[in-house]
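Below you'll find the structure, written out as structure tokens, and then a few comments.
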Amino acid sequence: MAISKEKVNVLASVRNSILILKSFSENRPAWKVTDLAKSLGLAKSTVSRLVTTLASEGLLKKNPKTGEYHLGLGVLALSGVLMQHLEIHKQAAPILSQLAAATKEATHLAILDGFDTVYIDKEESLYEVKMKTFLGRRNPTHAVSSGKVLLAFSDQAFIEAYIKNGLQAFASRTIMDPTTLKKTLERIRKDGYATSYAEMSESIASVAAPVRDYKGKVVAAITVVGKENRFNTSRMNHLIRLVKEASDEISERMGYDKRFFRNV
């Protein structure tokens with residue numbers, strides 16, 4: 001059955017609206033209509049109409065002084081609904097908070113979404129200088145400790161596909177060699193945790209451990225991240241213990257019983 005022209009136009013408007021919302025990021029939190037239209041390759045009139053509609057629904061907000069649009073509180077409300085219904089988020093939140101208090105460092109809960117590692121919860125560092133992270137942030141999986149944990153416990157086909165997609169450098173110690181990455185992932189599976197030193201950002205270090213569900217599958221990673229000079233060898237051993245204890249507790253809350261999964 002042929003799709004009517006009206007329905008095609010509606011579908012195009014929905015798609016373009018989604019593209020507009022996805023254009024906002026940490027690096028580009030505000031857009032003018034002209035720049036947004038140029039970036040997306042759409043007519044200015046089309047973008048103007050769509051951002052006006054999105055603003056009327058609270059998904060965007062216009063700055064009357066600059067004419068720029070920002071994400072509106074409606075997006076935050078939707079993300080709040082999602083977070084409240086993610087079982088992993090509900091079970092991990094108090095543990096994440098306790099870990100942040102114990103270490104005084106920023107803590108994150110991360111999951112895989114495609115090839116990206118995405119933060120779905122976080123607690124701020126108690127140190128004066130805060131980490132520039134936010135919920136929903138996407139990170140290159142091979143360049144962060146949480147991502148390496150998630151990659152290590154993925155199936156081999158996914159690992160190969162990830163490597164084939166390219167190992168881009170982000171800092172001085174980012175792993176870019178496939179063989180080195182595979183050896184690192186093997187060690188993570190053996191040790192039950194991953195570390196990162198200046199792999200995503202210079203002078204930043206982190207340690208992460210896997211979170212498992214009732215089937216024993218790794219579904220998330222919990223991580224502690226902060227300035228590299230605070231992650232010296234002696235303190236790192238302490239942080240590794242705390243992170244692994246936190247990941248074990250969340251896993252237990254998710255129904256995981258290690259007695260039934262001796263080989264995972």
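Every chain in the structure tokens has a letter given in the order shown (A, B, ...), and although residue numbers restart at 1 in each chain, ligands are simply numbered from 1 in the order shown.
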Write out as a PyMOL selection string the residues lying within 12 Å of region 63-72 of chain A, counting only C-alpha atoms and excluding same-chain residues fewer than 2 positions away.
-> chain A and resi 20-26+28-36+47-48+50-52+54-61+74-79
Please write the residues from the selection above to a file, keeping N, CA and C atoms, as a tab-separated table (two decimals), in the first residue's frame.
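For reference, selection16.tsv as written:
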```
chain	number	residue	atom	x	y	z
A	20	ILE	N	17.51	17.40	15.02
A	20	ILE	CA	17.74	18.68	15.69
A	20	ILE	C	18.09	18.45	17.15
A	21	LEU	N	17.32	17.62	17.84
A	21	LEU	CA	17.58	17.35	19.26
A	21	LEU	C	18.95	16.70	19.46
A	22	LYS	N	19.33	15.81	18.54
A	22	LYS	CA	20.61	15.11	18.67
A	22	LYS	C	21.80	16.00	18.30
A	23	SER	N	21.53	17.19	17.77
A	23	SER	CA	22.61	18.12	17.42
A	23	SER	C	23.19	18.81	18.65
A	24	PHE	N	22.43	18.81	19.75
A	24	PHE	CA	22.90	19.46	20.97
A	24	PHE	C	23.81	18.50	21.73
A	25	SER	N	24.96	19.01	22.14
A	25	SER	CA	25.94	18.17	22.81
A	25	SER	C	26.72	19.00	23.82
A	26	GLU	N	27.61	18.32	24.52
A	26	GLU	CA	28.47	19.02	25.49
A	26	GLU	C	29.30	20.09	24.79
A	28	ARG	N	28.55	21.51	21.87
A	28	ARG	CA	27.71	22.46	21.17
A	28	ARG	C	26.35	22.50	21.85
A	29	PRO	N	26.24	23.18	23.02
A	29	PRO	CA	24.99	23.20	23.77
A	29	PRO	C	23.96	24.20	23.26
A	30	ALA	N	24.36	25.08	22.33
A	30	ALA	CA	23.43	26.11	21.84
A	30	ALA	C	23.58	26.27	20.33
A	31	TRP	N	22.46	26.55	19.67
A	31	TRP	CA	22.45	26.71	18.21
A	31	TRP	C	21.53	27.87	17.81
A	32	LYS	N	21.95	28.59	16.78
A	32	LYS	CA	21.06	29.51	16.10
A	32	LYS	C	20.42	28.76	14.94
A	33	VAL	N	19.24	29.18	14.56
A	33	VAL	CA	18.50	28.47	13.51
A	33	VAL	C	19.31	28.38	12.22
A	34	THR	N	19.95	29.47	11.83
A	34	THR	CA	20.73	29.48	10.58
A	34	THR	C	21.85	28.46	10.61
A	35	ASP	N	22.59	28.41	11.73
A	35	ASP	CA	23.70	27.47	11.85
A	35	ASP	C	23.22	26.02	11.90
A	36	LEU	N	22.10	25.81	12.57
A	36	LEU	CA	21.54	24.47	12.69
A	36	LEU	C	21.07	23.96	11.32
A	47	VAL	N	13.72	24.29	9.67
A	47	VAL	CA	14.32	24.24	11.00
A	47	VAL	C	13.62	25.22	11.94
A	48	SER	N	13.32	26.41	11.43
A	48	SER	CA	12.64	27.41	12.24
A	48	SER	C	11.30	26.91	12.74
A	50	LEU	N	10.35	23.75	13.06
A	50	LEU	CA	10.49	22.62	13.96
A	50	LEU	C	10.99	23.04	15.34
A	51	VAL	N	11.97	23.96	15.40
A	51	VAL	CA	12.47	24.37	16.72
A	51	VAL	C	11.40	25.14	17.49
A	52	THR	N	10.56	25.87	16.77
A	52	THR	CA	9.46	26.58	17.42
A	52	THR	C	8.49	25.59	18.05
A	54	LEU	N	9.23	22.42	18.93
A	54	LEU	CA	9.93	21.75	20.03
A	54	LEU	C	10.00	22.64	21.27
A	55	ALA	N	10.18	23.94	21.05
A	55	ALA	CA	10.21	24.88	22.17
A	55	ALA	C	8.86	24.98	22.84
A	56	SER	N	7.79	24.93	22.05
A	56	SER	CA	6.44	25.03	22.62
A	56	SER	C	6.12	23.83	23.50
A	57	GLU	N	6.81	22.70	23.25
A	57	GLU	CA	6.60	21.49	24.05
A	57	GLU	C	7.62	21.36	25.18
A	58	GLY	N	8.49	22.35	25.32
A	58	GLY	CA	9.46	22.35	26.40
A	58	GLY	C	10.72	21.55	26.14
A	59	LEU	N	10.88	21.02	24.92
A	59	LEU	CA	12.07	20.25	24.60
A	59	LEU	C	13.24	21.14	24.22
A	60	LEU	N	12.95	22.35	23.78
A	60	LEU	CA	13.97	23.36	23.52
A	60	LEU	C	13.58	24.65	24.22
A	61	LYS	N	14.56	25.52	24.43
A	61	LYS	CA	14.30	26.82	25.03
A	61	LYS	C	15.13	27.87	24.30
A	74	GLY	N	12.07	19.87	29.35
A	74	GLY	CA	11.28	18.72	28.93
A	74	GLY	C	12.14	17.51	28.65
A	75	VAL	N	13.34	17.73	28.15
A	75	VAL	CA	14.28	16.64	27.89
A	75	VAL	C	14.71	16.01	29.22
A	76	LEU	N	14.98	16.87	30.20
A	76	LEU	CA	15.38	16.37	31.51
A	76	LEU	C	14.26	15.54	32.15
A	77	ALA	N	13.03	15.99	31.97
A	77	ALA	CA	11.89	15.26	32.53
A	77	ALA	C	11.79	13.87	31.91
A	78	LEU	N	11.99	13.79	30.59
A	78	LEU	CA	11.93	12.50	29.91
A	78	LEU	C	13.06	11.58	30.38
A	79	SER	N	14.27	12.14	30.54
A	79	SER	CA	15.39	11.33	30.99
A	79	SER	C	15.16	10.84	32.41
```
Going by DSSP on the backbone, which bits of region 100-238 of chain A are strand (DSSP E or B)? Write them as a ChimeraX atom specification, please.
-> /A:106-113,116-123,138-140,194-197,204-212,218-227
Between A:Asn165, A:Ser39, A:Ser125, A:Thr103, which one has atoms that come closest to Pro178 (chain A), using only C-alpha atoms?
-> A:Asn165
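The gap separating CA of Thr195 (chain A) from CA of Ala246 (chain A) is 15.6 Å, in Å to one decimal.
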Might you pull out every residue within 10 Å of region 154-161 of chain A, with only C-alpha atoms counted and same-chain residues fewer than 4 positions away left off, and present them as number ranges by chain?
-> A: 112, 114-115, 148-150, 165-166, 178, 181-182, 185, 217-219
For the selection you just gave me, I'd like the residues written to a file as a JSON list (two decimals), in the first residue's frame, keeping all heavy atoms.
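The result, stored in result-v1.json:
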```json
[["chain", "number", "residue", "atom", "x", "y", "z"],
["A", 112, "LEU", "N", 26.85, 0.04, 27.69],
["A", 112, "LEU", "CA", 27.16, 0.11, 26.26],
["A", 112, "LEU", "C", 25.92, 0.49, 25.47],
["A", 112, "LEU", "O", 24.83, -0.02, 25.73],
["A", 112, "LEU", "CB", 27.67, -1.24, 25.75],
["A", 112, "LEU", "CG", 29.16, -1.56, 25.84],
["A", 112, "LEU", "CD1", 29.42, -2.94, 25.27],
["A", 112, "LEU", "CD2", 30.02, -0.52, 25.14],
["A", 114, "GLY", "N", 25.53, 0.66, 21.43],
["A", 114, "GLY", "CA", 26.28, 0.54, 20.19],
["A", 114, "GLY", "C", 27.75, 0.37, 20.53],
["A", 114, "GLY", "O", 28.11, -0.44, 21.38],
["A", 115, "PHE", "N", 28.60, 1.15, 19.90],
["A", 115, "PHE", "CA", 30.03, 1.10, 20.19],
["A", 115, "PHE", "C", 30.44, 2.09, 21.29],
["A", 115, "PHE", "O", 31.60, 2.14, 21.67],
["A", 115, "PHE", "CB", 30.84, 1.42, 18.92],
["A", 115, "PHE", "CG", 30.90, 0.27, 17.93],
["A", 115, "PHE", "CD1", 31.09, 0.53, 16.57],
["A", 115, "PHE", "CD2", 30.79, -1.04, 18.35],
["A", 115, "PHE", "CE1", 31.16, -0.51, 15.66],
["A", 115, "PHE", "CE2", 30.87, -2.09, 17.45],
["A", 115, "PHE", "CZ", 31.05, -1.83, 16.10],
["A", 148, "LYS", "N", 36.36, -0.31, 28.74],
["A", 148, "LYS", "CA", 37.20, -1.50, 28.56],
["A", 148, "LYS", "C", 36.63, -2.70, 29.30],
["A", 148, "LYS", "O", 36.72, -3.84, 28.83],
["A", 148, "LYS", "CB", 38.63, -1.20, 29.01],
["A", 148, "LYS", "CG", 39.38, -0.27, 28.05],
["A", 148, "LYS", "CD", 40.86, -0.18, 28.36],
["A", 148, "LYS", "CE", 41.14, 0.57, 29.64],
["A", 148, "LYS", "NZ", 42.59, 0.72, 29.89],
["A", 149, "VAL", "N", 36.04, -2.45, 30.47],
["A", 149, "VAL", "CA", 35.37, -3.53, 31.20],
["A", 149, "VAL", "C", 34.20, -4.08, 30.37],
["A", 149, "VAL", "O", 34.05, -5.29, 30.19],
["A", 149, "VAL", "CB", 34.84, -3.03, 32.57],
["A", 149, "VAL", "CG1", 33.80, -3.99, 33.13],
["A", 149, "VAL", "CG2", 35.99, -2.89, 33.55],
["A", 150, "LEU", "N", 33.37, -3.19, 29.86],
["A", 150, "LEU", "CA", 32.20, -3.60, 29.08],
["A", 150, "LEU", "C", 32.63, -4.33, 27.80],
["A", 150, "LEU", "O", 32.00, -5.31, 27.39],
["A", 150, "LEU", "CB", 31.35, -2.38, 28.74],
["A", 150, "LEU", "CG", 30.70, -1.69, 29.94],
["A", 150, "LEU", "CD1", 30.13, -0.34, 29.54],
["A", 150, "LEU", "CD2", 29.61, -2.57, 30.53],
["A", 165, "ASN", "N", 36.20, -1.10, 13.53],
["A", 165, "ASN", "CA", 35.66, 0.26, 13.39],
["A", 165, "ASN", "C", 36.74, 1.32, 13.59],
["A", 165, "ASN", "O", 36.54, 2.48, 13.22],
["A", 165, "ASN", "CB", 34.52, 0.47, 14.40],
["A", 165, "ASN", "CG", 33.72, 1.71, 14.11],
["A", 165, "ASN", "OD1", 33.25, 1.91, 12.98],
["A", 165, "ASN", "ND2", 33.54, 2.56, 15.11],
["A", 166, "GLY", "N", 37.87, 0.94, 14.18],
["A", 166, "GLY", "CA", 38.99, 1.87, 14.35],
["A", 166, "GLY", "C", 39.24, 2.23, 15.80],
["A", 166, "GLY", "O", 38.30, 2.43, 16.57],
["A", 178, "PRO", "N", 45.44, -3.10, 18.00],
["A", 178, "PRO", "CA", 44.47, -4.17, 18.26],
["A", 178, "PRO", "C", 45.02, -5.30, 19.15],
["A", 178, "PRO", "O", 44.31, -5.78, 20.03],
["A", 178, "PRO", "CB", 44.13, -4.68, 16.86],
["A", 178, "PRO", "CG", 44.35, -3.51, 15.98],
["A", 178, "PRO", "CD", 45.55, -2.82, 16.55],
["A", 181, "LEU", "N", 45.19, -4.13, 22.71],
["A", 181, "LEU", "CA", 43.86, -4.03, 23.28],
["A", 181, "LEU", "C", 43.33, -5.41, 23.66],
["A", 181, "LEU", "O", 42.76, -5.61, 24.74],
["A", 181, "LEU", "CB", 42.90, -3.35, 22.31],
["A", 181, "LEU", "CG", 41.45, -3.20, 22.81],
["A", 181, "LEU", "CD1", 41.41, -2.37, 24.09],
["A", 181, "LEU", "CD2", 40.57, -2.55, 21.73],
["A", 182, "LYS", "N", 43.51, -6.39, 22.79],
["A", 182, "LYS", "CA", 43.03, -7.75, 23.06],
["A", 182, "LYS", "C", 43.70, -8.33, 24.30],
["A", 182, "LYS", "O", 43.06, -8.99, 25.12],
["A", 182, "LYS", "CB", 43.26, -8.64, 21.85],
["A", 182, "LYS", "CG", 42.35, -8.34, 20.67],
["A", 182, "LYS", "CD", 42.64, -9.26, 19.50],
["A", 182, "LYS", "CE", 41.73, -8.95, 18.31],
["A", 182, "LYS", "NZ", 42.01, -9.84, 17.16],
["A", 185, "LEU", "N", 42.17, -6.65, 27.33],
["A", 185, "LEU", "CA", 40.83, -7.18, 27.61],
["A", 185, "LEU", "C", 40.92, -8.56, 28.28],
["A", 185, "LEU", "O", 40.14, -8.87, 29.19],
["A", 185, "LEU", "CB", 40.01, -7.28, 26.32],
["A", 185, "LEU", "CG", 39.74, -5.95, 25.60],
["A", 185, "LEU", "CD1", 38.90, -6.20, 24.34],
["A", 185, "LEU", "CD2", 39.06, -4.94, 26.50],
["A", 217, "LYS", "N", 25.41, -12.09, 33.30],
["A", 217, "LYS", "CA", 25.85, -11.25, 32.18],
["A", 217, "LYS", "C", 26.28, -9.88, 32.67],
["A", 217, "LYS", "O", 25.61, -9.28, 33.52],
["A", 217, "LYS", "CB", 24.72, -11.10, 31.16],
["A", 217, "LYS", "CG", 25.09, -10.25, 29.96],
["A", 217, "LYS", "CD", 23.91, -10.11, 29.01],
["A", 217, "LYS", "CE", 24.28, -9.23, 27.82],
["A", 217, "LYS", "NZ", 23.13, -9.05, 26.89],
["A", 218, "VAL", "N", 27.40, -9.38, 32.16],
["A", 218, "VAL", "CA", 27.85, -8.03, 32.49],
["A", 218, "VAL", "C", 26.96, -7.02, 31.77],
["A", 218, "VAL", "O", 26.91, -7.00, 30.54],
["A", 218, "VAL", "CB", 29.33, -7.82, 32.11],
["A", 218, "VAL", "CG1", 29.73, -6.36, 32.31],
["A", 218, "VAL", "CG2", 30.22, -8.73, 32.94],
["A", 219, "VAL", "N", 26.25, -6.21, 32.55],
["A", 219, "VAL", "CA", 25.29, -5.28, 31.97],
["A", 219, "VAL", "C", 25.68, -3.82, 32.19],
["A", 219, "VAL", "O", 25.08, -2.91, 31.60],
["A", 219, "VAL", "CB", 23.88, -5.50, 32.57],
["A", 219, "VAL", "CG1", 23.33, -6.85, 32.13],
["A", 219, "VAL", "CG2", 23.91, -5.40, 34.09]]
```
Restrict the calculation to only C-alpha atoms, then for each residue of region 73-191 of chain A with any atom at most 10 Å from an atom of region 235-245 of chain A give the closest atom pair and their distance in Å to one decimal, rows by chain and rising residue number, as CSV.
```
residue,atom,partner,partner_atom,distance
A:Ile95,CA,A:Glu245,CA,9.8
A:Leu96,CA,A:Val243,CA,9.5
A:Leu99,CA,A:Leu242,CA,7.3
A:Ala102,CA,A:Leu242,CA,8.3
A:Thr103,CA,A:Leu239,CA,7.3
A:Glu105,CA,A:Leu239,CA,10.0
A:Thr107,CA,A:Val243,CA,9.5
```
Serialized selection, N, CA and C atoms, as a compact mmCIF listing (two decimals), in the first residue's frame:
```txt
# COMPACT_ATOMS: atom_id res chain seq x y z
N ILE A 95 24.73 2.79 46.07
CA ILE A 95 26.10 2.27 46.12
C ILE A 95 27.05 3.27 45.47
N LEU A 96 26.61 3.87 44.39
CA LEU A 96 27.41 4.88 43.69
C LEU A 96 27.69 6.06 44.63
N LEU A 99 30.20 5.02 47.32
CA LEU A 99 31.55 4.91 46.76
C LEU A 99 32.18 6.30 46.60
N ALA A 102 33.25 7.49 50.00
CA ALA A 102 34.41 6.77 50.52
C ALA A 102 35.71 7.17 49.83
N THR A 103 35.62 7.50 48.54
CA THR A 103 36.83 7.82 47.77
C THR A 103 37.05 9.31 47.59
N GLU A 105 36.13 10.83 45.16
CA GLU A 105 36.28 11.01 43.72
C GLU A 105 34.92 10.90 43.04
N THR A 107 32.16 9.30 40.70
CA THR A 107 31.83 7.91 40.38
C THR A 107 30.78 7.91 39.26
```
Give me the residues within 6 Å of Tyr256 (chain A) as a PyMOL selection string, counting only C-alpha atoms and dropping any in the same chain fewer than 2 places off.
-> chain A and resi 213-214+251-252+254
With a cut-off of 8 Å, could you pull out the residues of region 69-113 of chain A touching region 118-121 of chain A and give me the nearest pair of atoms for each, distance in Å to one decimal, using only C-alpha atoms, ordered by chain and ascending number, as a tab-separated table?
```
residue	atom	partner	partner_atom	distance
A:Met83	CA	A:Ile120	CA	7.5
A:His89	CA	A:Asp121	CA	6.9
A:Ala93	CA	A:Asp121	CA	7.3
A:His108	CA	A:Asp121	CA	5.8
A:Leu109	CA	A:Asp121	CA	5.1
A:Ala110	CA	A:Tyr119	CA	4.4
A:Ile111	CA	A:Val118	CA	5.4
A:Leu112	CA	A:Val118	CA	6.1
A:Asp113	CA	A:Val118	CA	6.6
```
Kindly export the residues of the current selection with N, CA, C and O atoms, as a PDB file, in the first residue's frame.
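Wrote part-v4.pdb, looks like this:
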```pdb
ATOM      1  N   MET A  83      15.383   7.007  33.669  1.00  0.00           N
ATOM      2  CA  MET A  83      16.292   6.581  34.729  1.00  0.00           C
ATOM      3  C   MET A  83      15.553   5.866  35.857  1.00  0.00           C
ATOM      4  O   MET A  83      16.038   4.893  36.423  1.00  0.00           O
ATOM      5  N   HIS A  89      19.813   1.314  37.348  1.00  0.00           N
ATOM      6  CA  HIS A  89      19.962   2.650  37.932  1.00  0.00           C
ATOM      7  C   HIS A  89      19.444   2.666  39.361  1.00  0.00           C
ATOM      8  O   HIS A  89      20.084   3.206  40.275  1.00  0.00           O
ATOM      9  N   ALA A  93      22.249   3.330  42.426  1.00  0.00           N
ATOM     10  CA  ALA A  93      22.331   4.712  42.911  1.00  0.00           C
ATOM     11  C   ALA A  93      22.887   4.849  44.327  1.00  0.00           C
ATOM     12  O   ALA A  93      23.825   5.636  44.552  1.00  0.00           O
ATOM     13  N   HIS A 108      30.855   6.895  38.400  1.00  0.00           N
ATOM     14  CA  HIS A 108      29.929   6.787  37.277  1.00  0.00           C
ATOM     15  C   HIS A 108      29.407   5.368  37.141  1.00  0.00           C
ATOM     16  O   HIS A 108      30.091   4.407  37.483  1.00  0.00           O
ATOM     17  N   LEU A 109      28.202   5.268  36.620  1.00  0.00           N
ATOM     18  CA  LEU A 109      27.634   3.996  36.198  1.00  0.00           C
ATOM     19  C   LEU A 109      27.484   4.082  34.684  1.00  0.00           C
ATOM     20  O   LEU A 109      26.903   5.042  34.170  1.00  0.00           O
ATOM     21  N   ALA A 110      28.027   3.114  33.968  1.00  0.00           N
ATOM     22  CA  ALA A 110      28.046   3.184  32.505  1.00  0.00           C
ATOM     23  C   ALA A 110      27.518   1.908  31.869  1.00  0.00           C
ATOM     24  O   ALA A 110      27.633   0.815  32.444  1.00  0.00           O
ATOM     25  N   ILE A 111      26.934   2.058  30.689  1.00  0.00           N
ATOM     26  CA  ILE A 111      26.467   0.923  29.899  1.00  0.00           C
ATOM     27  C   ILE A 111      26.948   1.097  28.463  1.00  0.00           C
ATOM     28  O   ILE A 111      27.384   2.183  28.069  1.00  0.00           O
ATOM     29  N   LEU A 112      26.853   0.037  27.688  1.00  0.00           N
ATOM     30  CA  LEU A 112      27.163   0.105  26.260  1.00  0.00           C
ATOM     31  C   LEU A 112      25.921   0.490  25.469  1.00  0.00           C
ATOM     32  O   LEU A 112      24.833  -0.019  25.727  1.00  0.00           O
ATOM     33  N   ASP A 113      26.095   1.372  24.506  1.00  0.00           N
ATOM     34  CA  ASP A 113      25.038   1.689  23.551  1.00  0.00           C
ATOM     35  C   ASP A 113      25.698   1.730  22.184  1.00  0.00           C
ATOM     36  O   ASP A 113      26.372   2.697  21.841  1.00  0.00           O
TER      37      ASP A 113
END
```
Please report, as JSON, numbers by chain, each residue of region 125-253 of chain A to which DSSP assigns helix (DSSP H, G or I) when run on this structure's backbone.
-> {"A": [141, 142, 143, 145, 146, 147, 148, 149, 150, 151, 152, 156, 157, 158, 159, 160, 161, 162, 163, 164, 178, 179, 180, 181, 182, 183, 184, 185, 186, 187, 188, 189, 190, 191, 228, 229, 230, 233, 234, 235, 236, 237, 238, 239, 240, 241, 242, 243, 244, 245, 246, 247, 248, 249, 250, 251, 252, 253]}
Output file for the residues above (C-alpha atoms, as a CSV table (one decimal), in the first residue's frame):
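Everything below was put into again-v3.csv:
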```
chain,number,residue,atom,x,y,z
A,141,THR,CA,34.8,2.5,24.7
A,142,HIS,CA,38.5,1.6,24.3
A,143,ALA,CA,39.6,4.9,26.0
A,145,SER,CA,38.1,2.0,32.1
A,146,SER,CA,34.4,1.4,32.2
A,147,GLY,CA,34.3,0.9,28.5
A,148,LYS,CA,37.2,-1.5,28.6
A,149,VAL,CA,35.4,-3.5,31.2
A,150,LEU,CA,32.2,-3.6,29.1
A,151,LEU,CA,34.2,-4.5,26.0
A,152,ALA,CA,36.2,-7.2,27.8
A,156,GLN,CA,34.2,-12.0,20.5
A,157,ALA,CA,32.2,-10.9,17.4
A,158,PHE,CA,31.4,-7.6,19.0
A,159,ILE,CA,35.0,-7.1,20.0
A,160,GLU,CA,36.3,-7.7,16.5
A,161,ALA,CA,33.6,-5.4,15.0
A,162,TYR,CA,34.6,-2.7,17.5
A,163,ILE,CA,38.3,-3.0,16.6
A,164,LYS,CA,37.5,-3.0,12.9
A,178,PRO,CA,44.5,-4.2,18.3
A,179,THR,CA,46.8,-6.8,19.7
A,180,THR,CA,47.6,-4.7,22.8
A,181,LEU,CA,43.9,-4.0,23.3
A,182,LYS,CA,43.0,-7.7,23.1
A,183,LYS,CA,45.7,-8.6,25.6
A,184,THR,CA,44.4,-5.8,27.9
A,185,LEU,CA,40.8,-7.2,27.6
A,186,GLU,CA,42.1,-10.7,28.5
A,187,ARG,CA,43.8,-9.3,31.6
A,188,ILE,CA,40.6,-7.5,32.6
A,189,ARG,CA,38.6,-10.7,32.3
A,190,LYS,CA,41.1,-12.4,34.6
A,191,ASP,CA,41.5,-9.6,37.1
A,228,GLU,CA,46.0,11.0,37.9
A,229,ASN,CA,48.2,12.4,40.6
A,230,ARG,CA,45.7,11.0,43.2
A,233,THR,CA,50.1,2.8,43.0
A,234,SER,CA,49.4,2.5,46.8
A,235,ARG,CA,46.0,4.3,46.6
A,236,MET,CA,45.0,2.5,43.4
A,237,ASN,CA,45.1,-0.8,45.2
A,238,HIS,CA,42.7,0.6,47.7
A,239,LEU,CA,40.4,2.1,45.0
A,240,ILE,CA,40.4,-1.2,43.1
A,241,ARG,CA,39.2,-3.0,46.3
A,242,LEU,CA,36.4,-0.4,46.9
A,243,VAL,CA,35.2,-0.5,43.3
A,244,LYS,CA,35.1,-4.3,43.1
A,245,GLU,CA,33.2,-4.4,46.4
A,246,ALA,CA,30.8,-1.8,45.0
A,247,SER,CA,30.3,-3.7,41.8
A,248,ASP,CA,29.8,-7.0,43.7
A,249,GLU,CA,27.1,-5.4,45.9
A,250,ILE,CA,25.2,-3.9,42.9
A,251,SER,CA,25.4,-7.3,41.1
A,252,GLU,CA,23.9,-9.0,44.2
A,253,ARG,CA,21.1,-6.4,44.2
```
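Counting only C-alpha atoms, the residue from A:Val224, A:Ala169, A:Ala92, A:Val14 that sits nearest to Val211 (chain A) is A:Ala92.
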Which neighbours of Gln168 (chain A) fall inside 10 Å, counting only C-alpha atoms, when residues of the same chain fewer than 6 positions from it are skipped, and could you give them as a short mmCIF file (atom, residue, chain, number, x, y, z; two decimals) with N, CA, C and O atoms, in the first residue's frame?
```
data_model
loop_
_atom_site.label_atom_id
_atom_site.label_comp_id
_atom_site.auth_asym_id
_atom_site.auth_seq_id
_atom_site.Cartn_x
_atom_site.Cartn_y
_atom_site.Cartn_z
N PRO A 140 34.36 7.04 23.88
CA PRO A 140 34.94 5.95 23.08
C PRO A 140 35.28 4.79 24.01
O PRO A 140 36.04 4.96 24.97
N HIS A 142 37.11 2.09 24.08
CA HIS A 142 38.47 1.60 24.34
C HIS A 142 39.33 2.59 25.12
O HIS A 142 40.44 2.25 25.54
N ALA A 143 38.81 3.81 25.34
CA ALA A 143 39.62 4.86 25.96
C ALA A 143 39.25 5.15 27.41
O ALA A 143 39.86 6.02 28.03
N THR A 174 46.21 6.41 24.93
CA THR A 174 45.10 5.65 24.35
C THR A 174 45.63 4.41 23.63
O THR A 174 46.60 4.50 22.88
N ILE A 175 45.00 3.28 23.86
CA ILE A 175 45.40 2.06 23.18
C ILE A 175 44.88 2.09 21.75
O ILE A 175 43.68 2.16 21.52
N MET A 176 45.81 2.03 20.80
CA MET A 176 45.42 2.07 19.38
C MET A 176 45.79 0.79 18.63
O MET A 176 45.37 0.60 17.50
N ASP A 177 46.57 -0.07 19.27
CA ASP A 177 47.00 -1.31 18.63
C ASP A 177 46.04 -2.45 18.99
O ASP A 177 45.80 -2.73 20.17
#
```
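Checking A:Gly255, A:Ala101, A:Phe170, A:Ala106 one by one against Val207 (chain A), counting only C-alpha atoms, you find the shortest gap at A:Ala106.
In this model, the gap between CA of Leu167 (chain A) and CA of Glu199 (chain A) comes to 11.7 Å.
Between CA of Lys90 (chain A) and CA of Tyr127 (chain A) there is a distance of 25.6 Å.
Using only C-alpha atoms, the shortest contact distance between Val144 (chain A) and any of A:Asn27, A:Thr117, A:Ser13, A:Gln91 is found at A:Thr117.
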